[in-house]
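Asks: My structure file my_file-v8.pdb, PDB, C-alpha atoms, pLDDT in the B column, is below:
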ATOM      1  CA  MET P   1     -11.620  70.654 -35.687  1.00 85.00           C
ATOM      2  CA  SER P   2      -9.203  69.736 -38.470  1.00 85.00           C
ATOM      3  CA  TYR P   3      -5.974  67.809 -37.989  1.00 88.00           C
ATOM      4  CA  GLU P   4      -3.904  70.915 -38.670  1.00 90.00           C
ATOM      5  CA  GLU P   5      -5.930  73.067 -36.247  1.00 91.00           C
ATOM      6  CA  LYS P   6      -5.441  70.493 -33.505  1.00 92.00           C
ATOM      7  CA  GLY P   7      -1.727  70.510 -34.281  1.00 93.00           C
ATOM      8  CA  THR P   8      -1.643  74.296 -33.960  1.00 95.00           C
ATOM      9  CA  TRP P   9      -3.292  74.102 -30.515  1.00 95.00           C
ATOM     10  CA  ILE P  10      -0.780  71.479 -29.399  1.00 95.00           C
ATOM     11  CA  TYR P  11       2.155  73.535 -30.694  1.00 95.00           C
ATOM     12  CA  LEU P  12       0.858  76.641 -28.902  1.00 95.00           C
ATOM     13  CA  VAL P  13       0.467  74.808 -25.596  1.00 96.00           C
ATOM     14  CA  THR P  14       3.806  72.972 -25.747  1.00 96.00           C
ATOM     15  CA  SER P  15       5.866  75.971 -26.869  1.00 95.00           C
ATOM     16  CA  THR P  16       4.292  78.201 -24.205  1.00 96.00           C
ATOM     17  CA  GLY P  17       4.728  75.528 -21.546  1.00 96.00           C
ATOM     18  CA  ALA P  18       8.355  74.854 -22.464  1.00 96.00           C
ATOM     19  CA  TYR P  19       9.230  78.545 -22.310  1.00 97.00           C
ATOM     20  CA  ALA P  20       7.433  78.921 -18.956  1.00 97.00           C
ATOM     21  CA  VAL P  21       9.511  76.053 -17.523  1.00 97.00           C
ATOM     22  CA  TYR P  22      12.685  77.606 -18.962  1.00 97.00           C
ATOM     23  CA  LEU P  23      11.869  80.984 -17.405  1.00 96.00           C
ATOM     24  CA  VAL P  24      11.136  79.504 -13.979  1.00 97.00           C
ATOM     25  CA  ILE P  25      14.451  77.619 -13.915  1.00 96.00           C
ATOM     26  CA  VAL P  26      16.617  80.412 -15.340  1.00 95.00           C
ATOM     27  CA  ILE P  27      15.050  83.216 -13.311  1.00 95.00           C
ATOM     28  CA  GLY P  28      15.500  81.040 -10.209  1.00 94.00           C
ATOM     29  CA  ARG P  29      19.226  80.835 -10.993  1.00 94.00           C
ATOM     30  CA  LEU P  30      19.453  84.534 -11.866  1.00 93.00           C
ATOM     31  CA  LEU P  31      18.215  85.418  -8.375  1.00 92.00           C
ATOM     32  CA  VAL P  32      21.073  83.603  -6.615  1.00 92.00           C
ATOM     33  CA  MET P  33      24.088  84.094  -8.882  1.00 91.00           C
ATOM     34  CA  PRO P  34      25.603  86.687 -11.230  1.00 90.00           C
ATOM     35  CA  VAL P  35      24.594  86.599 -14.906  1.00 87.00           C
ATOM     36  CA  PRO P  36      27.886  85.193 -16.299  1.00 87.00           C
ATOM     37  CA  GLN P  37      27.543  82.138 -14.041  1.00 89.00           C
ATOM     38  CA  VAL P  38      23.943  81.299 -14.963  1.00 90.00           C
ATOM     39  CA  ALA P  39      23.870  77.968 -16.812  1.00 92.00           C
ATOM     40  CA  TYR P  40      21.094  78.489 -19.323  1.00 94.00           C
ATOM     41  CA  ILE P  41      22.262  76.598 -22.425  1.00 95.00           C
ATOM     42  CA  SER P  42      21.413  73.106 -21.214  1.00 95.00           C
ATOM     43  CA  VAL P  43      18.019  74.303 -19.913  1.00 96.00           C
ATOM     44  CA  LEU P  44      17.281  75.978 -23.251  1.00 96.00           C
ATOM     45  CA  LEU P  45      18.203  72.877 -25.236  1.00 96.00           C
ATOM     46  CA  TRP P  46      16.355  70.478 -22.916  1.00 96.00           C
ATOM     47  CA  THR P  47      13.150  72.537 -22.832  1.00 95.00           C
ATOM     48  CA  THR P  48      13.240  72.946 -26.620  1.00 94.00           C
ATOM     49  CA  GLY P  49      13.743  69.192 -27.055  1.00 95.00           C
ATOM     50  CA  ALA P  50      11.009  68.431 -24.524  1.00 95.00           C
ATOM     51  CA  SER P  51       8.663  70.795 -26.376  1.00 95.00           C
ATOM     52  CA  ILE P  52       9.233  68.944 -29.669  1.00 95.00           C
ATOM     53  CA  LEU P  53       8.709  65.578 -27.978  1.00 96.00           C
ATOM     54  CA  ALA P  54       5.580  66.813 -26.180  1.00 95.00           C
ATOM     55  CA  SER P  55       4.182  68.045 -29.510  1.00 95.00           C
ATOM     56  CA  ILE P  56       4.641  64.611 -31.071  1.00 95.00           C
ATOM     57  CA  VAL P  57       3.177  62.788 -28.067  1.00 96.00           C
ATOM     58  CA  GLY P  58       0.349  65.344 -27.850  1.00 94.00           C
ATOM     59  CA  ARG P  59      -0.586  64.727 -31.479  1.00 93.00           C
ATOM     60  CA  VAL P  60      -0.680  60.969 -30.953  1.00 93.00           C
ATOM     61  CA  VAL P  61      -2.769  61.291 -27.775  1.00 94.00           C
ATOM     62  CA  VAL P  62      -5.250  63.773 -29.289  1.00 92.00           C
ATOM     63  CA  GLU P  63      -5.637  61.742 -32.487  1.00 91.00           C
ATOM     64  CA  THR P  64      -6.211  58.602 -30.447  1.00 91.00           C
ATOM     65  CA  ALA P  65      -8.829  60.304 -28.265  1.00 91.00           C
ATOM     66  CA  ARG P  66     -10.523  62.292 -31.040  1.00 88.00           C
ATOM     67  CA  PRO P  67      -9.482  61.075 -34.499  1.00 88.00           C
ATOM     68  CA  SER P  68      -9.613  63.600 -37.343  1.00 83.00           C
ATOM     69  CA  ASP P  69     -11.585  62.933 -40.551  1.00 79.00           C
ATOM     70  CA  SER P  70      -8.355  63.223 -42.478  1.00 78.00           C
ATOM     71  CA  ARG P  71      -4.707  63.853 -41.657  1.00 81.00           C
ATOM     72  CA  ARG P  72      -3.946  65.678 -44.870  1.00 83.00           C
ATOM     73  CA  SER P  73      -3.724  69.454 -45.033  1.00 86.00           C
ATOM     74  CA  ASP P  74      -5.472  71.375 -47.774  1.00 89.00           C
ATOM     75  CA  VAL P  75      -5.088  74.778 -49.422  1.00 91.00           C
ATOM     76  CA  ARG P  76      -6.921  76.552 -46.559  1.00 92.00           C
ATOM     77  CA  ASP P  77      -4.565  75.034 -43.974  1.00 93.00           C
ATOM     78  CA  LYS P  78      -1.579  76.178 -46.042  1.00 93.00           C
ATOM     79  CA  GLU P  79      -2.964  79.707 -46.469  1.00 93.00           C
ATOM     80  CA  ILE P  80      -3.677  80.004 -42.737  1.00 94.00           C
ATOM     81  CA  SER P  81      -0.211  78.690 -41.895  1.00 93.00           C
ATOM     82  CA  GLN P  82       1.469  81.155 -44.251  1.00 93.00           C
ATOM     83  CA  PHE P  83      -0.680  83.995 -42.942  1.00 92.00           C
ATOM     84  CA  GLY P  84       0.168  83.236 -39.297  1.00 93.00           C
ATOM     85  CA  GLU P  85       3.886  82.968 -39.947  1.00 92.00           C
ATOM     86  CA  HIS P  86       3.921  86.089 -42.097  1.00 92.00           C
ATOM     87  CA  ALA P  87       1.969  88.173 -39.565  1.00 91.00           C
ATOM     88  CA  SER P  88       4.163  87.123 -36.629  1.00 92.00           C
ATOM     89  CA  ARG P  89       7.521  87.478 -38.397  1.00 93.00           C
ATOM     90  CA  TRP P  90       8.116  90.862 -36.759  1.00 94.00           C
ATOM     91  CA  PHE P  91       8.980  89.133 -33.475  1.00 95.00           C
ATOM     92  CA  ILE P  92      11.911  87.414 -35.214  1.00 95.00           C
ATOM     93  CA  VAL P  93      12.954  90.714 -36.790  1.00 96.00           C
ATOM     94  CA  ALA P  94      12.673  92.565 -33.460  1.00 96.00           C
ATOM     95  CA  GLY P  95      14.564  89.822 -31.577  1.00 96.00           C
ATOM     96  CA  SER P  96      17.346  89.748 -34.162  1.00 96.00           C
ATOM     97  CA  ALA P  97      17.643  93.551 -34.230  1.00 97.00           C
ATOM     98  CA  ALA P  98      17.752  93.682 -30.433  1.00 97.00           C
ATOM     99  CA  ALA P  99      20.413  90.932 -30.353  1.00 97.00           C
ATOM    100  CA  LEU P 100      22.505  92.801 -32.935  1.00 97.00           C
ATOM    101  CA  ILE P 101      22.371  96.015 -30.931  1.00 97.00           C
ATOM    102  CA  MET P 102      23.185  94.154 -27.703  1.00 97.00           C
ATOM    103  CA  ALA P 103      26.161  92.421 -29.361  1.00 96.00           C
ATOM    104  CA  MET P 104      27.489  95.777 -30.620  1.00 97.00           C
ATOM    105  CA  ALA P 105      27.097  97.144 -27.095  1.00 96.00           C
ATOM    106  CA  ARG P 106      29.018  94.095 -25.784  1.00 95.00           C
ATOM    107  CA  TRP P 107      26.230  92.731 -23.594  1.00 95.00           C
ATOM    108  CA  ASP P 108      26.752  89.369 -21.930  1.00 94.00           C
ATOM    109  CA  TYR P 109      26.062  86.333 -24.168  1.00 93.00           C
ATOM    110  CA  PHE P 110      23.291  85.367 -21.734  1.00 95.00           C
ATOM    111  CA  TRP P 111      21.168  88.372 -22.650  1.00 95.00           C
ATOM    112  CA  ILE P 112      21.847  88.092 -26.384  1.00 96.00           C
ATOM    113  CA  ALA P 113      20.886  84.409 -26.452  1.00 96.00           C
ATOM    114  CA  ASN P 114      17.803  85.077 -24.380  1.00 96.00           C
ATOM    115  CA  VAL P 115      16.516  87.942 -26.471  1.00 97.00           C
ATOM    116  CA  LEU P 116      16.895  85.735 -29.557  1.00 96.00           C
ATOM    117  CA  TYR P 117      15.109  82.864 -27.803  1.00 96.00           C
ATOM    118  CA  LEU P 118      12.328  85.233 -26.714  1.00 96.00           C
ATOM    119  CA  GLY P 119      11.937  86.383 -30.324  1.00 96.00           C
ATOM    120  CA  PHE P 120      11.544  82.786 -31.513  1.00 95.00           C
ATOM    121  CA  VAL P 121       9.071  81.955 -28.734  1.00 95.00           C
ATOM    122  CA  LEU P 122       6.953  85.043 -29.411  1.00 96.00           C
ATOM    123  CA  TRP P 123       7.011  84.245 -33.141  1.00 95.00           C
ATOM    124  CA  ALA P 124       5.790  80.704 -32.417  1.00 94.00           C
ATOM    125  CA  VAL P 125       3.151  81.750 -29.874  1.00 95.00           C
ATOM    126  CA  ALA P 126       1.831  84.749 -31.812  1.00 95.00           C
ATOM    127  CA  GLY P 127       1.873  82.782 -35.074  1.00 95.00           C
ATOM    128  CA  SER P 128      -0.109  79.939 -33.504  1.00 95.00           C
ATOM    129  CA  ALA P 129      -2.602  82.349 -31.913  1.00 95.00           C
ATOM    130  CA  ILE P 130      -3.132  84.172 -35.231  1.00 94.00           C
ATOM    131  CA  LYS P 131      -3.654  80.847 -37.032  1.00 94.00           C
ATOM    132  CA  LEU P 132      -6.234  79.759 -34.454  1.00 95.00           C
ATOM    133  CA  VAL P 133      -8.123  83.053 -34.820  1.00 93.00           C
ATOM    134  CA  ALA P 134      -8.072  82.552 -38.597  1.00 92.00           C
ATOM    135  CA  TYR P 135      -9.415  79.005 -38.195  1.00 92.00           C
ATOM    136  CA  ARG P 136     -12.197  80.193 -35.893  1.00 89.00           C
ATOM    137  CA  ARG P 137     -13.169  83.593 -37.301  1.00 85.00           C
ATOM    138  CA  GLY P 138     -12.257  83.100 -40.916  1.00 83.00           C
ATOM    139  CA  LEU P 139      -9.609  83.942 -43.452  1.00 75.00           C
ATOM    140  CA  GLN P 140     -10.369  86.120 -46.439  1.00 68.00           C
ATOM    141  CA  PRO P 141      -7.621  86.695 -48.998  1.00 60.00           C
ATOM    142  CA  ALA P 142      -6.536  90.363 -49.148  1.00 56.00           C
TER     143      ALA P 142
ATOM    144  CA  MET U   1      -8.137  88.409 -41.860  1.00 49.00           C
ATOM    145  CA  SER U   2     -11.652  88.211 -40.423  1.00 51.00           C
ATOM    146  CA  LYS U   3     -13.132  90.911 -42.637  1.00 60.00           C
ATOM    147  CA  PRO U   4     -16.460  89.434 -43.742  1.00 64.00           C
ATOM    148  CA  THR U   5     -16.765  88.586 -47.411  1.00 72.00           C
ATOM    149  CA  LYS U   6     -19.630  89.971 -49.508  1.00 80.00           C
ATOM    150  CA  ILE U   7     -19.714  86.722 -51.431  1.00 84.00           C
ATOM    151  CA  THR U   8     -22.525  84.386 -50.455  1.00 89.00           C
ATOM    152  CA  ASN U   9     -23.092  80.854 -51.652  1.00 92.00           C
ATOM    153  CA  SER U  10     -25.745  78.211 -52.151  1.00 93.00           C
ATOM    154  CA  ILE U  11     -23.605  75.205 -51.376  1.00 95.00           C
ATOM    155  CA  ARG U  12     -25.856  73.999 -48.578  1.00 94.00           C
ATOM    156  CA  VAL U  13     -28.955  74.200 -50.801  1.00 94.00           C
ATOM    157  CA  LEU U  14     -27.142  72.510 -53.694  1.00 95.00           C
ATOM    158  CA  ARG U  15     -25.925  69.703 -51.451  1.00 95.00           C
ATOM    159  CA  PHE U  16     -29.471  68.932 -50.373  1.00 94.00           C
ATOM    160  CA  ALA U  17     -30.676  69.169 -53.964  1.00 92.00           C
ATOM    161  CA  HIS U  18     -28.061  66.581 -54.900  1.00 91.00           C
ATOM    162  CA  GLY U  19     -29.305  63.714 -52.810  1.00 90.00           C
ATOM    163  CA  GLU U  20     -28.421  65.310 -49.478  1.00 90.00           C
ATOM    164  CA  MET U  21     -24.741  65.133 -50.315  1.00 93.00           C
ATOM    165  CA  THR U  22     -22.674  65.268 -47.150  1.00 94.00           C
ATOM    166  CA  GLN U  23     -20.002  67.888 -46.522  1.00 94.00           C
ATOM    167  CA  ALA U  24     -17.498  65.043 -46.293  1.00 92.00           C
ATOM    168  CA  ARG U  25     -18.435  63.718 -49.762  1.00 94.00           C
ATOM    169  CA  LEU U  26     -18.243  67.183 -51.311  1.00 95.00           C
ATOM    170  CA  ALA U  27     -14.891  67.713 -49.606  1.00 94.00           C
ATOM    171  CA  ASP U  28     -13.585  64.440 -51.058  1.00 93.00           C
ATOM    172  CA  GLN U  29     -14.706  65.378 -54.567  1.00 93.00           C
ATOM    173  CA  VAL U  30     -13.140  68.845 -54.349  1.00 94.00           C
ATOM    174  CA  GLY U  31     -10.003  67.566 -52.625  1.00 92.00           C
ATOM    175  CA  VAL U  32     -10.197  69.590 -49.419  1.00 93.00           C
ATOM    176  CA  THR U  33     -11.019  68.848 -45.784  1.00 92.00           C
ATOM    177  CA  ARG U  34     -14.589  68.809 -44.474  1.00 92.00           C
ATOM    178  CA  GLN U  35     -13.687  71.791 -42.266  1.00 92.00           C
ATOM    179  CA  THR U  36     -12.875  73.830 -45.375  1.00 93.00           C
ATOM    180  CA  ILE U  37     -16.295  73.085 -46.881  1.00 95.00           C
ATOM    181  CA  ILE U  38     -17.900  74.108 -43.558  1.00 94.00           C
ATOM    182  CA  ALA U  39     -15.866  77.343 -43.533  1.00 93.00           C
ATOM    183  CA  ILE U  40     -16.902  78.145 -47.141  1.00 94.00           C
ATOM    184  CA  GLU U  41     -20.578  77.425 -46.437  1.00 93.00           C
ATOM    185  CA  GLN U  42     -20.473  79.716 -43.405  1.00 90.00           C
ATOM    186  CA  GLY U  43     -18.682  82.502 -45.310  1.00 88.00           C
ATOM    187  CA  ARG U  44     -15.551  82.215 -43.153  1.00 88.00           C
ATOM    188  CA  TYR U  45     -13.324  81.345 -46.084  1.00 90.00           C
ATOM    189  CA  SER U  46     -13.316  82.535 -49.667  1.00 89.00           C
ATOM    190  CA  PRO U  47     -12.099  79.754 -51.958  1.00 91.00           C
ATOM    191  CA  SER U  48      -9.754  80.375 -54.847  1.00 90.00           C
ATOM    192  CA  LEU U  49     -11.342  80.782 -58.283  1.00 92.00           C
ATOM    193  CA  GLU U  50     -10.107  77.312 -59.196  1.00 93.00           C
ATOM    194  CA  MET U  51     -11.709  75.709 -56.122  1.00 94.00           C
ATOM    195  CA  ALA U  52     -14.931  77.634 -56.788  1.00 94.00           C
ATOM    196  CA  PHE U  53     -15.044  76.137 -60.308  1.00 95.00           C
ATOM    197  CA  GLU U  54     -14.364  72.669 -58.888  1.00 95.00           C
ATOM    198  CA  ILE U  55     -17.297  73.037 -56.473  1.00 96.00           C
ATOM    199  CA  ALA U  56     -19.574  74.211 -59.317  1.00 96.00           C
ATOM    200  CA  ARG U  57     -18.423  71.262 -61.443  1.00 95.00           C
ATOM    201  CA  VAL U  58     -19.399  68.784 -58.702  1.00 95.00           C
ATOM    202  CA  PHE U  59     -22.940  70.174 -58.772  1.00 95.00           C
ATOM    203  CA  LYS U  60     -22.895  70.469 -62.595  1.00 94.00           C
ATOM    204  CA  VAL U  61     -24.060  74.100 -62.470  1.00 95.00           C
ATOM    205  CA  PRO U  62     -22.510  77.416 -63.591  1.00 94.00           C
ATOM    206  CA  LEU U  63     -20.308  79.216 -61.091  1.00 94.00           C
ATOM    207  CA  ASP U  64     -22.854  81.981 -60.447  1.00 91.00           C
ATOM    208  CA  GLU U  65     -25.403  79.431 -59.289  1.00 92.00           C
ATOM    209  CA  VAL U  66     -23.040  78.481 -56.480  1.00 94.00           C
ATOM    210  CA  PHE U  67     -21.485  81.821 -55.558  1.00 94.00           C
ATOM    211  CA  HIS U  68     -23.261  85.183 -55.545  1.00 91.00           C
ATOM    212  CA  TYR U  69     -21.982  88.743 -55.301  1.00 86.00           C
ATOM    213  CA  PRO U  70     -24.403  91.554 -54.338  1.00 81.00           C
ATOM    214  CA  GLY U  71     -25.359  93.911 -57.151  1.00 75.00           C
ATOM    215  CA  GLY U  72     -24.316  91.428 -59.792  1.00 53.00           C
TER     216      GLY U  72
END
Once you've parsed the file, please lay out its structure as structure tokens.

Replies:
Amino acid sequence: MSYEEKGTWIYLVTSTGAYAVYLVIVIGRLLVMPVPQVAYISVLLWTTGASILASIVGRVVVETARPSDSRRSDVRDKEISQFGEHASRWFIVAGSAAALIMAMARWDYFWIANVLYLGFVLWAVAGSAIKLVAYRRGLQPA
Amino acid sequence: MSKPTKITNSIRVLRFAHGEMTQARLADQVGVTRQTIIAIEQGRYSPSLEMAFEIARVFKVPLDEVFHYPGG
């Protein structure tokens, strides 16, 4: 497994894990208080920060346990990365469009922020999954 | 994305004909990772025309001795 493929696995795991933790905490608060009182901003920022830190630590741990031949990326890594991000971009578009509509309908900031966050998470998760499929099953230029 | 390519190649045969060249050594000479050479050999990745020429140059053979297209 190449350095970049390992990094994609780590990113997928940490971004999914961070969002799962966020959901557990925020949904727990949603069940006991009204939406305007739910403190989600600090949880969002902390889980995002923890995800970035976990990615860095994960890379160091994995490279220590199973060192890669090389840490450089090549043209195939770049093509797979671009393909994954291009194919998953619709989650960002959908999240942004939903947030726009919710803002025009004067929804609470909580829902607008969360639909945007969901869009980013789905973009990251779907993009990583698509990249991993491309690494495993192959990538043929269109 | 995973649509199989019709292009086949003789990289594995050429490596063995060139002193059992390792995938890692070929990768170094072409400037890619060993995983990319593995993916090309297995038909999971179609290299650019430029990379195909670089691979052929390493083996000092014409391009069509490395890569083959059916009916050609």

Asks: Suppose you want the space between CA of His68 (chain U) and CA of Ser48 (chain U); what is it in Å?

Replies: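 We find that CA of His68 (chain U) and CA of Ser48 (chain U) lie 14.4 Å from each other.
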
Asks: Written as a list in words, which residues does the PyMOL selection byres ((chain P and resi 25) around 12) give for the file shown?

Replies: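 Checking the PyMOL selection byres ((chain P and resi 25) around 12) against this file, the residues are Ala18, Tyr19, Ala20, Val21, Tyr22, Leu23, Val24, Val26, Ile27, Gly28, Arg29, Leu30, Leu31, Val32, Val38, Ala39, Tyr40, Ile41, Ser42, Val43, Leu44, Trp46 and Thr47 of chain P.
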
Asks: Could you please tell me, as an MDAnalysis selection string, which residues of chain U have an atom within 12 Å of chain P when using all atoms listed in the file?

Replies: chainID U and resid 1:7 23:25 27:28 30:51

Asks: Please provide as a ChimeraX atom specification all residues within 12 Å of Ala94 (chain P), with the sequence filter that same-chain residues fewer than 2 positions apart are discarded (counting all atoms listed in the file).

Replies: /P:88-92,96-101,115-120,122-123

Asks: Measuring atom to atom with only C-alpha atoms, identify which of U:Gly71, U:Arg12, U:Ala17, U:Gln29 is nearest to Arg57 (chain U).

Replies: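 Ranking U:Gly71, U:Arg12, U:Ala17, U:Gln29 by distance to Arg57 (chain U), first place goes to U:Gln29.
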
Asks: Kindly give the distance, in Å, that separates CA of Thr14 (chain P) and CA of Ser51 (chain P), rounded to a single decimal.

Replies: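 Here the two named atoms are 5.4 Å from each other.
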
Asks: Under the PyMOL selection byres ((chain P and resi 110) around 8), which residues of this model are included? Write them out as a list in words.

Replies: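 Answer for the PyMOL selection byres ((chain P and resi 110) around 8): Val35, Pro36, Val38, Tyr40, Asp108, Tyr109, Trp111, Ile112, Ala113 and Asn114 of chain P.
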
Asks: So that I can see what lies close to Ala87 (chain P), please list as a list in words the residues with an atom at most 9 Å from it, counting all atoms listed in the file and leaving out residues fewer than 5 positions away in the same chain.

Replies: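 So the residues in contact are Gln82, Ala126, Gly127 and Ile130 of chain P.
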
Asks: Between CA of Pro70 (chain U) and CA of Thr8 (chain U), what is the spacing in Å?

Replies: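 Value for the CA of Thr8 (chain U)-CA of Pro70 (chain U) distance: 8.4 Å.
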
Asks: Fix up region 8-26 of chain U with N, CA, C and O atoms, then write it as a PDB file, in the frame of the given file.

Replies:
ATOM      1  N   THR U   8     -21.704  85.406 -51.111  1.00 89.00           N
ATOM      2  CA  THR U   8     -22.525  84.386 -50.455  1.00 89.00           C
ATOM      3  C   THR U   8     -22.540  83.152 -51.346  1.00 89.00           C
ATOM      4  O   THR U   8     -22.069  83.211 -52.488  1.00 89.00           O
ATOM      5  N   ASN U   9     -23.059  82.054 -50.826  1.00 92.00           N
ATOM      6  CA  ASN U   9     -23.092  80.854 -51.652  1.00 92.00           C
ATOM      7  C   ASN U   9     -24.308  79.996 -51.348  1.00 92.00           C
ATOM      8  O   ASN U   9     -24.951  80.154 -50.308  1.00 92.00           O
ATOM      9  N   SER U  10     -24.587  79.110 -52.274  1.00 93.00           N
ATOM     10  CA  SER U  10     -25.745  78.211 -52.151  1.00 93.00           C
ATOM     11  C   SER U  10     -25.305  76.763 -52.004  1.00 93.00           C
ATOM     12  O   SER U  10     -26.029  75.847 -52.398  1.00 93.00           O
ATOM     13  N   ILE U  11     -24.136  76.574 -51.452  1.00 95.00           N
ATOM     14  CA  ILE U  11     -23.605  75.205 -51.376  1.00 95.00           C
ATOM     15  C   ILE U  11     -24.520  74.294 -50.555  1.00 95.00           C
ATOM     16  O   ILE U  11     -24.806  73.163 -50.951  1.00 95.00           O
ATOM     17  N   ARG U  12     -24.998  74.821 -49.443  1.00 94.00           N
ATOM     18  CA  ARG U  12     -25.856  73.999 -48.578  1.00 94.00           C
ATOM     19  C   ARG U  12     -27.120  73.547 -49.340  1.00 94.00           C
ATOM     20  O   ARG U  12     -27.481  72.370 -49.307  1.00 94.00           O
ATOM     21  N   VAL U  13     -27.743  74.510 -50.027  1.00 94.00           N
ATOM     22  CA  VAL U  13     -28.955  74.200 -50.801  1.00 94.00           C
ATOM     23  C   VAL U  13     -28.630  73.191 -51.895  1.00 94.00           C
ATOM     24  O   VAL U  13     -29.359  72.215 -52.113  1.00 94.00           O
ATOM     25  N   LEU U  14     -27.533  73.408 -52.599  1.00 95.00           N
ATOM     26  CA  LEU U  14     -27.142  72.510 -53.694  1.00 95.00           C
ATOM     27  C   LEU U  14     -26.818  71.109 -53.180  1.00 95.00           C
ATOM     28  O   LEU U  14     -27.128  70.110 -53.844  1.00 95.00           O
ATOM     29  N   ARG U  15     -26.227  71.037 -52.007  1.00 95.00           N
ATOM     30  CA  ARG U  15     -25.925  69.703 -51.451  1.00 95.00           C
ATOM     31  C   ARG U  15     -27.218  68.922 -51.216  1.00 95.00           C
ATOM     32  O   ARG U  15     -27.321  67.746 -51.561  1.00 95.00           O
ATOM     33  N   PHE U  16     -28.208  69.614 -50.657  1.00 94.00           N
ATOM     34  CA  PHE U  16     -29.471  68.932 -50.373  1.00 94.00           C
ATOM     35  C   PHE U  16     -30.214  68.588 -51.654  1.00 94.00           C
ATOM     36  O   PHE U  16     -30.895  67.570 -51.719  1.00 94.00           O
ATOM     37  N   ALA U  17     -30.036  69.448 -52.672  1.00 92.00           N
ATOM     38  CA  ALA U  17     -30.676  69.169 -53.964  1.00 92.00           C
ATOM     39  C   ALA U  17     -29.990  68.017 -54.701  1.00 92.00           C
ATOM     40  O   ALA U  17     -30.536  67.475 -55.654  1.00 92.00           O
ATOM     41  N   HIS U  18     -28.799  67.683 -54.268  1.00 91.00           N
ATOM     42  CA  HIS U  18     -28.061  66.581 -54.900  1.00 91.00           C
ATOM     43  C   HIS U  18     -28.032  65.381 -53.954  1.00 91.00           C
ATOM     44  O   HIS U  18     -26.949  64.908 -53.539  1.00 91.00           O
ATOM     45  N   GLY U  19     -29.202  64.932 -53.617  1.00 90.00           N
ATOM     46  CA  GLY U  19     -29.305  63.714 -52.810  1.00 90.00           C
ATOM     47  C   GLY U  19     -28.759  63.861 -51.411  1.00 90.00           C
ATOM     48  O   GLY U  19     -28.202  62.899 -50.871  1.00 90.00           O
ATOM     49  N   GLU U  20     -28.924  65.044 -50.831  1.00 90.00           N
ATOM     50  CA  GLU U  20     -28.421  65.310 -49.478  1.00 90.00           C
ATOM     51  C   GLU U  20     -26.947  64.904 -49.359  1.00 90.00           C
ATOM     52  O   GLU U  20     -26.535  64.183 -48.448  1.00 90.00           O
ATOM     53  N   MET U  21     -26.183  65.400 -50.320  1.00 93.00           N
ATOM     54  CA  MET U  21     -24.741  65.133 -50.315  1.00 93.00           C
ATOM     55  C   MET U  21     -24.125  65.642 -49.010  1.00 93.00           C
ATOM     56  O   MET U  21     -24.410  66.764 -48.586  1.00 93.00           O
ATOM     57  N   THR U  22     -23.303  64.833 -48.411  1.00 94.00           N
ATOM     58  CA  THR U  22     -22.674  65.268 -47.150  1.00 94.00           C
ATOM     59  C   THR U  22     -21.516  66.224 -47.432  1.00 94.00           C
ATOM     60  O   THR U  22     -20.968  66.240 -48.545  1.00 94.00           O
ATOM     61  N   GLN U  23     -21.162  66.991 -46.396  1.00 94.00           N
ATOM     62  CA  GLN U  23     -20.002  67.888 -46.522  1.00 94.00           C
ATOM     63  C   GLN U  23     -18.741  67.064 -46.773  1.00 94.00           C
ATOM     64  O   GLN U  23     -17.857  67.476 -47.521  1.00 94.00           O
ATOM     65  N   ALA U  24     -18.683  65.898 -46.137  1.00 92.00           N
ATOM     66  CA  ALA U  24     -17.498  65.043 -46.293  1.00 92.00           C
ATOM     67  C   ALA U  24     -17.356  64.563 -47.749  1.00 92.00           C
ATOM     68  O   ALA U  24     -16.250  64.547 -48.299  1.00 92.00           O
ATOM     69  N   ARG U  25     -18.497  64.211 -48.379  1.00 94.00           N
ATOM     70  CA  ARG U  25     -18.435  63.718 -49.762  1.00 94.00           C
ATOM     71  C   ARG U  25     -18.038  64.858 -50.707  1.00 94.00           C
ATOM     72  O   ARG U  25     -17.222  64.671 -51.621  1.00 94.00           O
ATOM     73  N   LEU U  26     -18.618  66.034 -50.481  1.00 95.00           N
ATOM     74  CA  LEU U  26     -18.243  67.183 -51.311  1.00 95.00           C
ATOM     75  C   LEU U  26     -16.755  67.492 -51.141  1.00 95.00           C
ATOM     76  O   LEU U  26     -16.036  67.757 -52.109  1.00 95.00           O
TER      77      LEU U  26
END
